[in-house]
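Quick look at run_5.cif (mmCIF, C-alpha atoms):
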```cif
data_target
loop_
_atom_site.label_atom_id
_atom_site.label_comp_id
_atom_site.auth_asym_id
_atom_site.auth_seq_id
_atom_site.Cartn_x
_atom_site.Cartn_y
_atom_site.Cartn_z
CA MET A 28 51.78 131.77 83.33
CA ALA A 29 54.30 134.60 83.26
CA LEU A 30 53.90 137.03 86.14
CA VAL A 31 53.55 140.10 83.98
CA TYR A 32 50.92 142.40 85.43
CA LEU A 33 51.24 145.44 83.16
CA ASN A 34 51.56 147.84 86.10
CA GLU A 35 48.60 146.14 87.82
CA LEU A 36 46.66 146.71 84.59
CA GLU A 37 46.13 150.41 85.22
CA TYR A 38 46.84 151.08 81.56
CA LEU A 39 43.35 152.27 80.64
CA GLU A 40 44.23 155.73 79.41
CA ASP A 41 41.33 158.01 78.53
CA ASP A 42 43.28 159.77 75.83
CA PHE A 43 43.44 156.52 73.86
CA ASN A 44 39.88 155.46 74.67
CA GLY A 45 41.28 152.75 76.91
CA MET A 46 43.05 150.88 74.13
CA LEU A 47 46.12 148.89 75.11
CA ASP A 48 49.38 150.81 75.22
CA PHE A 49 52.04 148.61 73.65
CA ASP A 50 54.81 150.57 75.36
CA GLU A 51 53.77 148.63 78.46
CA PHE A 52 54.34 145.38 76.60
CA ASP A 53 57.80 146.42 75.44
CA ASP A 54 58.83 147.10 79.03
CA ASP A 55 58.38 143.40 79.68
CA ASN A 56 60.39 142.33 76.62
CA PHE A 57 57.76 140.51 74.65
CA GLY A 58 55.77 141.08 71.52
CA PHE A 59 56.67 144.32 69.82
CA ASP A 60 57.19 147.94 70.64
CA MET A 61 54.95 150.04 68.44
CA ASN A 62 57.42 152.91 68.51
CA GLY A 63 60.48 150.76 67.92
CA HIS A 64 59.15 148.67 65.08
CA PHE A 65 57.53 151.49 63.20
CA GLN A 66 59.99 153.93 61.74
CA GLU A 67 59.30 157.23 63.51
CA ASP A 68 57.84 158.86 60.43
CA ILE A 69 55.36 156.03 59.87
CA HIS A 70 54.31 155.90 63.51
CA ALA A 71 53.85 159.67 63.78
CA GLU A 72 51.81 159.83 60.60
CA LEU A 73 49.66 156.87 61.64
CA LEU A 74 48.83 158.51 64.95
CA ASP A 75 48.09 161.78 63.21
CA TYR A 76 45.93 160.02 60.63
CA PHE A 77 43.83 157.96 63.03
CA ASP A 78 43.64 160.53 65.83
CA ASN A 79 41.93 162.95 63.47
CA PRO A 80 38.26 162.98 64.61
CA GLU A 81 37.13 162.88 60.99
CA ARG A 82 38.88 159.54 60.57
CA GLN A 83 37.99 157.92 63.90
CA GLN A 84 35.53 155.61 62.19
CA ASN A 85 37.77 154.72 59.28
CA ASP A 86 35.99 151.47 58.47
CA THR A 87 36.64 149.29 55.44
CA SER A 88 33.97 147.50 53.42
CA SER A 89 34.45 144.50 51.15
CA THR A 90 33.94 146.72 48.11
CA GLU A 91 36.61 149.18 49.27
CA TYR A 92 38.97 146.28 50.00
CA ARG A 93 38.51 144.88 46.50
CA ASN A 94 39.25 148.36 45.15
CA GLY A 95 42.59 148.42 46.94
CA LYS A 96 41.91 149.86 50.39
CA ASP A 97 43.83 148.27 53.26
CA ILE A 98 41.74 146.00 55.53
CA GLN A 99 42.61 148.13 58.56
CA GLY A 100 42.41 151.42 56.68
CA ILE A 101 46.17 152.03 56.96
CA PRO A 102 47.12 154.59 54.26
CA TRP A 103 50.29 152.92 52.98
CA GLU A 104 50.46 155.27 50.02
CA ARG A 105 51.35 158.08 52.43
CA PHE A 106 54.53 156.40 53.66
CA ASN A 107 57.98 155.64 52.35
CA TYR A 108 57.43 151.94 53.07
CA THR A 109 54.99 149.61 51.35
CA ARG A 110 52.87 147.13 53.24
CA ASP A 111 55.16 144.33 52.05
CA ASP A 112 58.21 146.25 53.30
CA PHE A 113 56.68 146.67 56.73
CA ARG A 114 55.55 143.04 56.83
CA ALA A 115 59.12 141.93 56.16
CA MET A 116 60.34 144.28 58.90
CA ARG A 117 57.79 142.88 61.36
CA LEU A 118 58.69 139.29 60.60
CA ASN A 119 62.35 140.09 61.10
CA ARG A 120 62.00 142.04 64.35
CA TYR A 121 59.06 140.51 66.20
CA GLN A 122 60.18 138.88 69.44
CA ASN A 123 58.05 135.91 70.49
CA PHE A 124 57.64 135.52 74.23
CA GLU A 125 59.13 132.29 75.59
CA SER A 126 58.78 130.96 79.11
CA LEU A 127 61.28 128.17 78.47
CA SER A 128 64.50 128.57 76.50
CA ILE A 129 64.46 125.07 75.05
CA PRO A 130 66.35 124.67 71.74
CA ARG A 131 63.95 124.52 68.80
CA GLU A 132 66.34 122.64 66.50
CA GLY A 133 64.59 119.76 64.83
CA LEU A 134 61.09 121.09 65.43
CA GLU A 135 60.77 122.06 61.78
CA LYS A 136 60.99 118.37 60.83
CA GLU A 137 57.62 117.85 62.50
CA TRP A 138 55.82 120.70 60.76
CA LYS A 139 53.02 119.58 58.52
CA LYS A 140 53.33 120.72 54.91
CA ILE A 141 50.50 123.13 54.23
CA GLU A 142 49.14 124.38 50.94
CA LYS A 143 48.45 128.03 51.60
CA GLY A 144 46.36 130.30 49.43
CA SER A 145 42.93 128.76 49.97
CA MET A 146 39.97 131.12 50.40
CA PHE A 147 37.38 129.67 52.75
CA TYR A 148 36.21 133.02 54.15
CA ASP A 149 36.05 136.34 52.29
CA PHE A 150 36.73 139.66 53.96
CA GLN A 151 33.43 141.42 54.67
CA PHE A 152 33.98 144.39 56.95
CA ASN A 153 36.42 146.06 59.33
CA THR A 154 35.02 148.45 61.91
CA ARG A 155 36.69 150.66 64.51
CA LEU A 156 33.35 151.18 66.24
CA ALA A 157 33.86 147.83 68.01
CA LYS A 158 37.12 147.58 69.93
CA THR A 159 38.66 144.99 72.19
CA SER A 160 41.40 145.27 74.79
CA ILE A 161 43.79 142.81 76.40
CA VAL A 162 44.42 142.57 80.14
CA HIS A 163 47.09 139.88 80.24
CA PHE A 164 49.21 139.44 77.13
CA GLN A 165 49.06 135.62 77.23
CA LEU A 166 45.25 135.39 77.44
CA ARG A 167 43.27 135.99 74.24
CA ASN A 168 39.81 134.41 74.57
CA LEU A 169 38.14 137.82 74.62
CA LEU A 170 35.77 137.57 71.64
CA TRP A 171 32.72 135.34 71.09
CA ALA A 172 29.95 135.25 68.48
CA THR A 173 26.57 133.75 69.38
CA SER A 174 25.22 134.41 65.87
CA LYS A 175 26.46 136.19 62.77
CA HIS A 176 24.58 139.23 64.10
CA ASP A 177 25.81 139.12 67.71
CA VAL A 178 29.41 139.44 68.84
CA TYR A 179 30.58 139.91 72.43
CA MET A 180 33.96 141.30 73.44
CA VAL A 181 35.92 142.72 76.36
CA HIS A 182 36.83 146.40 76.12
CA ASN A 183 38.48 147.94 79.17
CA TYR A 184 36.20 147.11 82.13
CA SER A 185 33.17 146.35 79.96
CA ILE A 186 31.57 143.51 78.05
CA MET A 187 30.39 144.99 74.76
CA HIS A 188 27.88 143.69 72.22
CA TRP A 189 28.38 144.38 68.52
CA SER A 190 25.66 143.93 65.93
CA PRO A 191 27.03 143.66 62.37
CA LEU A 192 23.44 143.96 61.15
CA LEU A 193 22.78 147.25 62.93
CA GLN A 194 26.40 148.44 62.79
CA GLY A 195 26.17 149.38 66.44
CA CYS A 196 27.98 148.62 69.69
CA ASP A 197 26.41 148.76 73.15
CA GLU A 198 27.60 147.99 76.67
CA LEU A 199 26.28 144.78 78.19
CA LEU A 200 28.11 144.85 81.53
CA ASN A 201 30.33 147.40 83.25
CA ALA A 202 32.72 146.12 85.93
CA SER A 203 34.61 149.37 86.59
CA GLY A 204 32.58 149.79 89.77
CA PRO A 205 30.64 147.38 92.00
CA VAL A 206 29.19 144.29 90.30
CA VAL A 207 26.26 143.07 92.40
CA PRO A 208 24.86 139.58 91.71
CA THR A 209 21.11 139.42 91.09
CA GLN A 210 20.78 135.83 92.35
CA LYS A 211 21.42 134.91 95.96
CA SER A 212 23.67 131.87 95.81
CA TYR A 213 26.12 130.34 98.23
CA GLY A 214 29.54 131.90 97.71
CA SER A 215 28.18 134.76 95.64
CA SER A 216 29.47 138.21 96.52
CA THR A 217 29.74 141.74 95.23
CA LEU A 218 32.88 142.40 93.21
CA ASN A 219 34.51 145.71 92.45
CA ARG A 220 36.60 146.96 89.54
CA VAL A 221 37.07 143.62 87.78
CA GLN A 222 39.66 143.49 85.03
CA MET A 223 38.31 140.73 82.79
CA CYS A 224 41.03 138.70 81.12
CA THR A 225 39.14 135.72 79.69
CA MET A 226 35.60 135.01 78.54
CA ALA A 227 33.33 132.28 77.18
CA VAL A 228 29.78 132.35 75.85
CA LYS A 229 27.46 129.42 75.22
CA ASP A 230 23.83 129.83 74.29
CA ASP A 231 22.60 132.63 76.60
CA LEU A 232 25.23 132.26 79.35
CA LEU A 233 28.29 134.50 79.39
CA VAL A 234 31.13 133.76 81.80
CA ALA A 235 34.12 136.03 82.42
CA GLY A 236 37.25 135.50 84.50
CA GLY A 237 39.06 138.29 86.34
CA PHE A 238 42.66 139.24 86.91
CA ARG A 239 42.44 138.65 90.66
CA GLY A 240 40.59 135.35 90.62
CA GLU A 241 37.09 136.68 89.99
CA LEU A 242 34.28 134.91 88.17
CA ILE A 243 31.27 136.70 86.70
CA CYS A 244 28.29 134.86 85.16
CA LYS A 245 25.59 136.66 83.20
CA TYR A 246 22.58 135.72 81.10
CA LEU A 247 22.61 137.64 77.86
CA ASN A 248 18.89 138.33 77.97
CA GLN A 249 18.88 139.63 81.56
CA PRO A 250 20.31 142.82 83.07
CA GLY A 251 23.24 142.67 85.44
CA ALA A 252 25.28 139.65 86.55
CA ILE A 253 23.43 136.67 87.99
CA PHE A 254 26.47 135.36 89.90
CA CYS A 255 29.80 136.79 91.05
CA THR A 256 32.48 135.34 93.25
CA LYS A 257 36.16 135.36 94.11
CA LEU A 258 37.34 131.84 93.30
CA THR A 259 40.51 132.13 95.35
CA GLU A 260 42.29 134.56 97.64
CA ASP A 261 45.69 133.45 96.37
CA ASP A 262 47.98 136.41 95.60
CA ASN A 263 48.61 134.95 92.15
CA ALA A 264 44.98 134.20 91.47
CA ILE A 265 44.32 135.08 87.82
CA THR A 266 41.36 133.26 86.31
CA ASN A 267 43.15 132.23 83.13
CA SER A 268 40.45 130.15 81.51
CA VAL A 269 36.67 129.74 81.58
CA ASP A 270 34.51 127.31 79.64
CA VAL A 271 30.83 126.41 79.50
CA ALA A 272 29.99 122.82 78.64
CA GLN A 273 27.54 119.98 79.19
CA SER A 274 28.24 116.97 81.36
CA PRO A 275 27.33 113.48 80.08
CA SER A 276 24.01 113.85 81.94
CA GLY A 277 23.24 117.03 80.03
CA ALA A 278 23.76 119.39 82.97
CA VAL A 279 25.54 122.65 82.14
CA ARG A 280 28.88 123.23 83.85
CA VAL A 281 31.20 126.21 84.23
CA ILE A 282 34.89 125.24 84.23
CA CYS A 283 37.61 127.59 85.49
CA GLY A 284 41.37 127.24 85.30
CA ASN A 285 43.39 129.46 87.62
CA ASN A 286 46.94 130.52 88.24
CA ASP A 287 46.71 128.93 91.71
CA CYS A 288 47.03 125.49 90.01
CA PHE A 289 43.37 124.49 90.43
CA VAL A 290 40.58 123.60 88.04
CA ARG A 291 37.12 124.32 89.44
CA VAL A 292 33.83 122.96 88.11
CA LEU A 293 30.60 124.76 89.00
CA ASP A 294 26.97 123.94 88.39
CA ALA A 295 25.53 126.51 85.97
CA GLU A 296 22.08 126.52 87.57
CA LYS A 297 22.83 127.37 91.21
CA PHE A 298 26.53 128.16 90.58
CA SER A 299 27.59 125.87 93.42
CA LEU A 300 31.12 124.45 93.42
CA LEU A 301 31.00 120.79 92.41
CA ASN A 302 34.68 119.88 92.10
CA ARG A 303 38.10 121.37 92.72
CA PHE A 304 41.05 119.57 91.13
CA PRO A 305 44.69 120.41 92.01
CA PHE A 306 47.54 120.30 89.51
CA SER A 307 51.28 120.84 89.85
CA TRP A 308 51.42 123.98 87.70
CA SER A 309 49.32 127.03 86.84
CA VAL A 310 46.35 126.11 84.66
CA ASN A 311 46.08 128.32 81.56
CA SER A 312 43.40 126.59 79.50
CA THR A 313 40.69 123.99 80.10
CA SER A 314 38.01 122.49 77.90
CA PHE A 315 35.45 119.70 78.14
CA SER A 316 35.20 117.30 75.20
CA PRO A 317 31.91 117.54 73.28
CA ASP A 318 30.51 114.45 75.04
CA GLY A 319 31.61 115.78 78.44
CA LYS A 320 33.66 112.67 79.22
CA LEU A 321 37.15 114.19 78.93
CA LEU A 322 38.72 117.36 80.27
CA ALA A 323 41.75 118.95 78.58
CA VAL A 324 44.05 120.76 81.02
CA LEU A 325 46.96 122.90 79.79
CA GLY A 326 49.28 125.28 81.57
CA ASP A 327 52.80 126.08 82.70
CA SER A 328 54.18 122.76 81.51
CA THR A 329 55.36 121.28 78.23
CA ASP A 330 52.89 118.45 78.83
CA CYS A 331 49.20 118.70 78.05
CA LEU A 332 46.84 116.57 80.13
CA ILE A 333 43.55 114.80 79.56
CA ALA A 334 41.69 114.19 82.80
CA ASP A 335 38.51 112.57 84.03
CA PRO A 336 36.08 115.47 84.63
CA GLN A 337 34.43 113.63 87.53
CA SER A 338 37.54 112.87 89.56
CA GLY A 339 40.23 115.09 88.06
CA LYS A 340 42.45 112.03 87.61
CA VAL A 341 44.87 112.34 84.68
CA VAL A 342 44.15 109.63 82.12
CA SER A 343 46.60 110.73 79.39
CA THR A 344 49.69 112.92 79.14
CA LEU A 345 50.38 114.51 75.75
CA LYS A 346 54.07 115.14 75.08
CA GLY A 347 55.64 117.12 72.26
CA HIS A 348 55.32 120.85 72.98
CA LEU A 349 58.46 122.73 74.01
CA ASP A 350 56.93 125.56 76.05
CA TYR A 351 53.80 126.48 78.00
CA SER A 352 50.35 126.10 76.44
CA PHE A 353 47.57 128.70 76.52
CA SER A 354 44.79 127.50 74.23
CA CYS A 355 42.93 124.35 73.28
CA ALA A 356 39.82 123.32 71.40
CA TRP A 357 37.99 120.09 70.62
CA HIS A 358 36.75 119.13 67.18
CA PRO A 359 32.93 118.77 67.37
CA ALA A 360 33.25 115.05 66.59
CA GLY A 361 35.24 114.68 69.81
CA HIS A 362 38.27 112.71 68.62
CA ILE A 363 40.63 115.58 67.83
CA LEU A 364 42.09 117.97 70.40
CA ALA A 365 44.07 121.02 69.25
CA THR A 366 46.57 122.66 71.62
CA GLY A 367 48.25 126.05 71.14
CA ASN A 368 51.68 126.74 72.58
CA GLN A 369 54.33 129.43 73.00
CA ASP A 370 56.67 127.30 70.89
CA THR A 371 54.69 128.83 67.96
CA THR A 372 52.91 125.57 67.11
CA CYS A 373 49.48 124.04 67.34
CA ARG A 374 49.50 120.28 67.83
CA LEU A 375 46.60 118.06 66.85
CA TRP A 376 45.97 114.96 68.94
CA ASP A 377 43.77 111.98 68.09
CA THR A 378 42.38 110.76 71.41
CA ARG A 379 42.35 107.20 70.07
CA TYR A 380 46.14 107.27 69.47
CA LEU A 381 47.82 109.55 71.98
CA SER A 382 51.39 108.29 71.84
CA GLU A 383 52.29 111.19 69.54
CA SER A 384 50.60 114.19 67.97
CA LEU A 385 48.69 113.71 64.75
CA ALA A 386 50.08 116.88 63.17
CA VAL A 387 52.09 119.98 64.03
CA LEU A 388 50.90 123.28 62.54
CA LYS A 389 53.38 126.15 62.54
CA GLY A 390 52.71 129.84 63.12
CA ASN A 391 54.65 132.57 61.34
CA MET A 392 55.67 134.86 64.19
CA GLY A 393 54.49 134.05 67.66
CA ALA A 394 52.68 131.92 70.20
CA ILE A 395 49.40 130.26 69.28
CA ARG A 396 47.05 131.91 71.75
CA CYS A 397 43.55 131.13 70.42
CA ILE A 398 42.04 128.13 68.59
CA LYS A 399 38.43 127.62 67.50
CA PHE A 400 36.64 124.96 65.42
CA SER A 401 33.59 125.75 63.32
CA SER A 402 30.48 124.00 64.65
CA ASP A 403 30.22 121.81 61.53
CA GLY A 404 33.79 120.62 62.05
CA ASN A 405 34.89 121.67 58.58
CA PHE A 406 37.34 124.39 59.66
CA MET A 407 39.76 125.23 62.43
CA ALA A 408 40.91 128.80 63.03
CA MET A 409 44.22 129.47 64.77
CA ALA A 410 45.35 132.92 65.90
CA GLU A 411 48.90 133.90 66.72
CA ALA A 412 49.58 136.46 69.42
CA ALA A 413 49.83 139.14 66.75
CA ASP A 414 49.17 139.72 63.07
CA TYR A 415 48.24 136.25 61.76
CA VAL A 416 45.06 134.18 61.64
CA HIS A 417 45.11 130.79 59.90
CA VAL A 418 42.01 128.85 58.83
CA TYR A 419 42.55 125.16 58.08
CA ASP A 420 40.40 122.78 56.09
CA ALA A 421 39.74 120.05 58.66
CA LYS A 422 38.00 117.84 56.10
CA ALA A 423 41.19 117.88 54.00
CA GLY A 424 43.31 116.72 56.93
CA TYR A 425 44.49 120.27 57.76
CA SER A 426 46.71 120.26 54.67
CA ALA A 427 45.11 123.36 53.10
CA ALA A 428 44.89 126.74 54.79
CA GLN A 429 43.85 130.34 54.36
CA GLU A 430 46.28 132.82 55.88
CA THR A 431 45.28 136.39 56.68
CA ASP A 432 47.62 138.99 58.14
CA PHE A 433 46.97 142.23 60.01
CA PHE A 434 49.11 144.53 62.14
CA GLY A 435 48.36 144.36 65.85
CA GLU A 436 47.81 142.05 68.80
CA ILE A 437 44.89 139.65 68.32
CA SER A 438 42.44 139.56 71.23
CA GLY A 439 40.32 136.66 70.01
CA ILE A 440 38.66 134.82 67.14
CA SER A 441 35.21 133.28 66.84
CA PHE A 442 33.10 131.48 64.26
CA SER A 443 29.39 132.20 64.31
CA PRO A 444 27.39 129.06 65.28
CA ASP A 445 26.08 128.70 61.72
CA CYS A 446 29.70 128.81 60.43
CA GLU A 447 28.79 131.65 58.07
CA SER A 448 31.01 134.27 59.73
CA LEU A 449 34.45 134.46 61.30
CA PHE A 450 35.28 137.40 63.55
CA VAL A 451 38.75 138.62 64.56
CA GLY A 452 39.48 141.16 67.29
CA ILE A 453 42.53 143.40 66.91
CA ALA A 454 43.54 145.18 70.11
CA ASP A 455 45.58 148.23 69.28
CA ARG A 456 45.38 151.84 70.44
CA THR A 457 46.02 153.20 66.94
CA TYR A 458 44.03 150.95 64.60
CA GLY A 459 42.26 148.42 66.81
CA SER A 460 39.08 147.03 65.30
CA LEU A 461 36.77 144.10 64.73
CA VAL A 462 37.14 142.26 61.43
CA GLU A 463 34.39 140.14 59.88
CA PHE A 464 34.82 137.43 57.24
CA ASN A 465 31.97 135.62 55.50
CA ARG A 466 31.94 131.99 54.40
CA ARG A 467 32.62 131.52 50.72
CA HIS A 468 30.09 129.27 48.98
CA GLU A 469 30.81 128.10 45.46
CA TYR A 470 28.18 128.98 42.88
CA SER A 471 26.16 131.01 45.40
CA TYR A 472 24.25 134.14 44.43
CA LEU A 473 26.62 136.12 46.65
CA ASP A 474 29.56 135.25 44.40
CA SER A 475 27.73 136.48 41.32
CA TYR A 476 26.57 139.63 43.10
CA PHE A 477 30.03 140.66 44.27
#
```

Encoded form (structure tokens):
Amino acid sequence: MALVYLNELEYLEDDFNGMLDFDEFDDDNFGFDMNGHFQEDIHAELLDYFDNPERQQNDTSSTEYRNGKDIQGIPWERFNYTRDDFRAMRLNRYQNFESLSIPREGLEKEWKKIEKGSMFYDFQFNTRLAKTSIVHFQLRNLLWATSKHDVYMVHNYSIMHWSPLLQGCDELLNASGPVVPTQKSYGSSTLNRVQMCTMAVKDDLLVAGGFRGELICKYLNQPGAIFCTKLTEDDNAITNSVDVAQSPSGAVRVICGNNDCFVRVLDAEKFSLLNRFPFSWSVNSTSFSPDGKLLAVLGDSTDCLIADPQSGKVVSTLKGHLDYSFSCAWHPAGHILATGNQDTTCRLWDTRYLSESLAVLKGNMGAIRCIKFSSDGNFMAMAEAADYVHVYDAKAGYSAAQETDFFGEISGISFSPDCESLFVGIADRTYGSLVEFNRRHEYSYLDSYF
């Protein structure tokens, strides 16, 4: 991955409640500069509007949205530009980060034709009480829902829990100081000041990866962290990816992909290291297939790999992307793998026919940095680095999609396990928030009520 450290990540400014300062991003020539892409009058008025203590919790309900209020509470009526004007400006000026300057000519011929305008999930609520932050701009798995009432996210040095039911946010783990493991395990050690840049949650186990190669494991129903370790002492040691999955035997595994070019597999009971697989490039994303028999490995290469999770041996090489990949997800049925890339596409691969990708889905502005399937397999959500989230109808062959746009970097997306909710994290110092969408059901009492 790109060696952009954001001034060693010491960007957590108290005056902005620790929200990410996009001026830091602009210094590294990627994404967008909040000051440059807003006209000065719009930017100044936005800061004045949202920094007013009376407007700090400027949330938006579904009723307010239907009555014309902006999803993020941005008061467009106060400005000389409409939302559509600013959207056009953003699309024109946004600079997507590329690691490889490979010509994109001809790529459009592969794009799947999509019927946009579907409505699978209705906007429910936007809250500024729950905020997320981004440590490394290329890593966006920082939001997970374990139910439609429980959402976990990274904010500064903390793991936060948001309850849509109670409309409250509380701190689950604070890593700004020493993090002491509660279980004595081989390799476990106290960590200090961990900047968490990736996260995964499955059932009651939460796993977070740190900017300097750290790994923290925590049970949601227990205080503190049960296991902590430094996976590597490599100077370029970022833990880019973590995953929690079951092996074919049913044992739970923790899988880590690091910038030191290794994939590590740990037992989730004693947290002992089971396997350590080397690759020829930094590993940015890893994921076990639902049956635990295949391991997807993506990173600083145009190729995506499928490996044997027992030996680490590569069994298939997926070719087609033009840049580095940072996200992947398996369809629950296990035959389809989705890969997200900085070439602004998501490719779908059928593991039974791997000579070419099944489909190529195109983003609007930037890299595809987060992909999630709903647990029933009916939908796939795809988030760009900023502004856009796309939800595809998997049952319809990904030919129909719902497209929702915001303004701000997207820290993560997550379906609730029952598929009833979709959550989106927007990391922005001015109007960062958590957005909730609810599944639309035809002829349901909810439709008649609203």

Next on the checklist: I want to know what sits within 6 Å of segment 246-261 of chain A, based on all atoms listed in the file, with residues of the same chain fewer than 4 positions away left out; could you give that as a ChimeraX atom specification?
Outcome noted: /A:208-210,215-216,231-232,240-242

Next on the checklist: Env of Val234 of chain A: 8 Å cut, atoms = all atoms listed in the file, seq-sep filter 3 positions within chain, self excluded. Answer as a count of residues only.
Outcome noted: 11

Item to check | Chain and number of each residue from the PyMOL selection byres ((chain A and resi 343) around 12), as a PyMOL selection string | outcome: chain A and resi 321-324+330-335+339-342+344-346+376-383

Next on the checklist: Can you tell me which residues surround Gly319 of chain A at a distance of at most 9 Å, considering all atoms listed in the file, apart from same-chain residues fewer than 3 positions away, and format the answer as a list in words?
Outcome noted: Ala272, Gln273, Ser274, Pro275, Ser276, Gly277, Phe315, Ser316, Leu322 and Pro336 of chain A

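You will find atom CA of Leu156 of chain A at 21.3 Å from atom CA of Thr225 of chain A.
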
Item to check | Counting only C-alpha atoms, the option among A:Thr329, A:Ser145, A:Thr371, A:Ser352 closest to Ser426 of chain A | outcome: A:Ser145

Checklist entry - By how many Å are atom CA of Tyr415 of chain A and atom CA of Ala157 of chain A apart? => result 19.5 Å

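Shell of Lys175 of chain A at 7 Å, with only C-alpha atoms counted and residues fewer than 4 places along the chain excluded, is Ser443, Glu447 and Ser448 of chain A.
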
Can you write just those residues out, C-alpha atoms, as an mmCIF file, keeping the file's coordinate frame?
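Wrote it out as part_3.cif, contents follow:
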```cif
data_model
loop_
_atom_site.group_PDB
_atom_site.id
_atom_site.type_symbol
_atom_site.label_atom_id
_atom_site.label_comp_id
_atom_site.auth_asym_id
_atom_site.auth_seq_id
_atom_site.Cartn_x
_atom_site.Cartn_y
_atom_site.Cartn_z
ATOM 1 C CA SER A 443 29.390 132.200 64.310
ATOM 2 C CA GLU A 447 28.790 131.650 58.070
ATOM 3 C CA SER A 448 31.010 134.270 59.730
#
```

Next on the checklist: Translate the PyMOL selection byres ((chain A and resi 122-130) around 9) into a concrete residue list for this structure, as a PyMOL selection string.
Outcome noted: chain A and resi 28-29+56-59+118-121+131-134+327+349-351+369-371+392-394+412

Item to check | Close residues, segment 395-411 of chain A itself excluded, 6 Å, all atoms listed in the file, min 4 positions apart in chain, as a PyMOL selection string | outcome: chain A and resi 353-354+356+359+367-368+371+415-422+442+444+446

Next on the checklist: Since I can't run it myself right now, could you work out what the PyMOL selection byres ((chain A and resi 195) around 12) selects here and report it as a ChimeraX atom specification?
Outcome noted: /A:154-158,176-178,187-194,196-198,461

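If all atoms listed in the file are the atoms counted, then among A:Met116, A:Gly435, A:Phe150, A:Met223 the closest residue to Tyr92 of chain A is A:Phe150.
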
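Restricting the calculation to all atoms listed in the file, the smallest distance between Phe464 of chain A and any of A:Tyr184, A:Tyr213, A:Phe289, A:Tyr148 is found for A:Tyr148.
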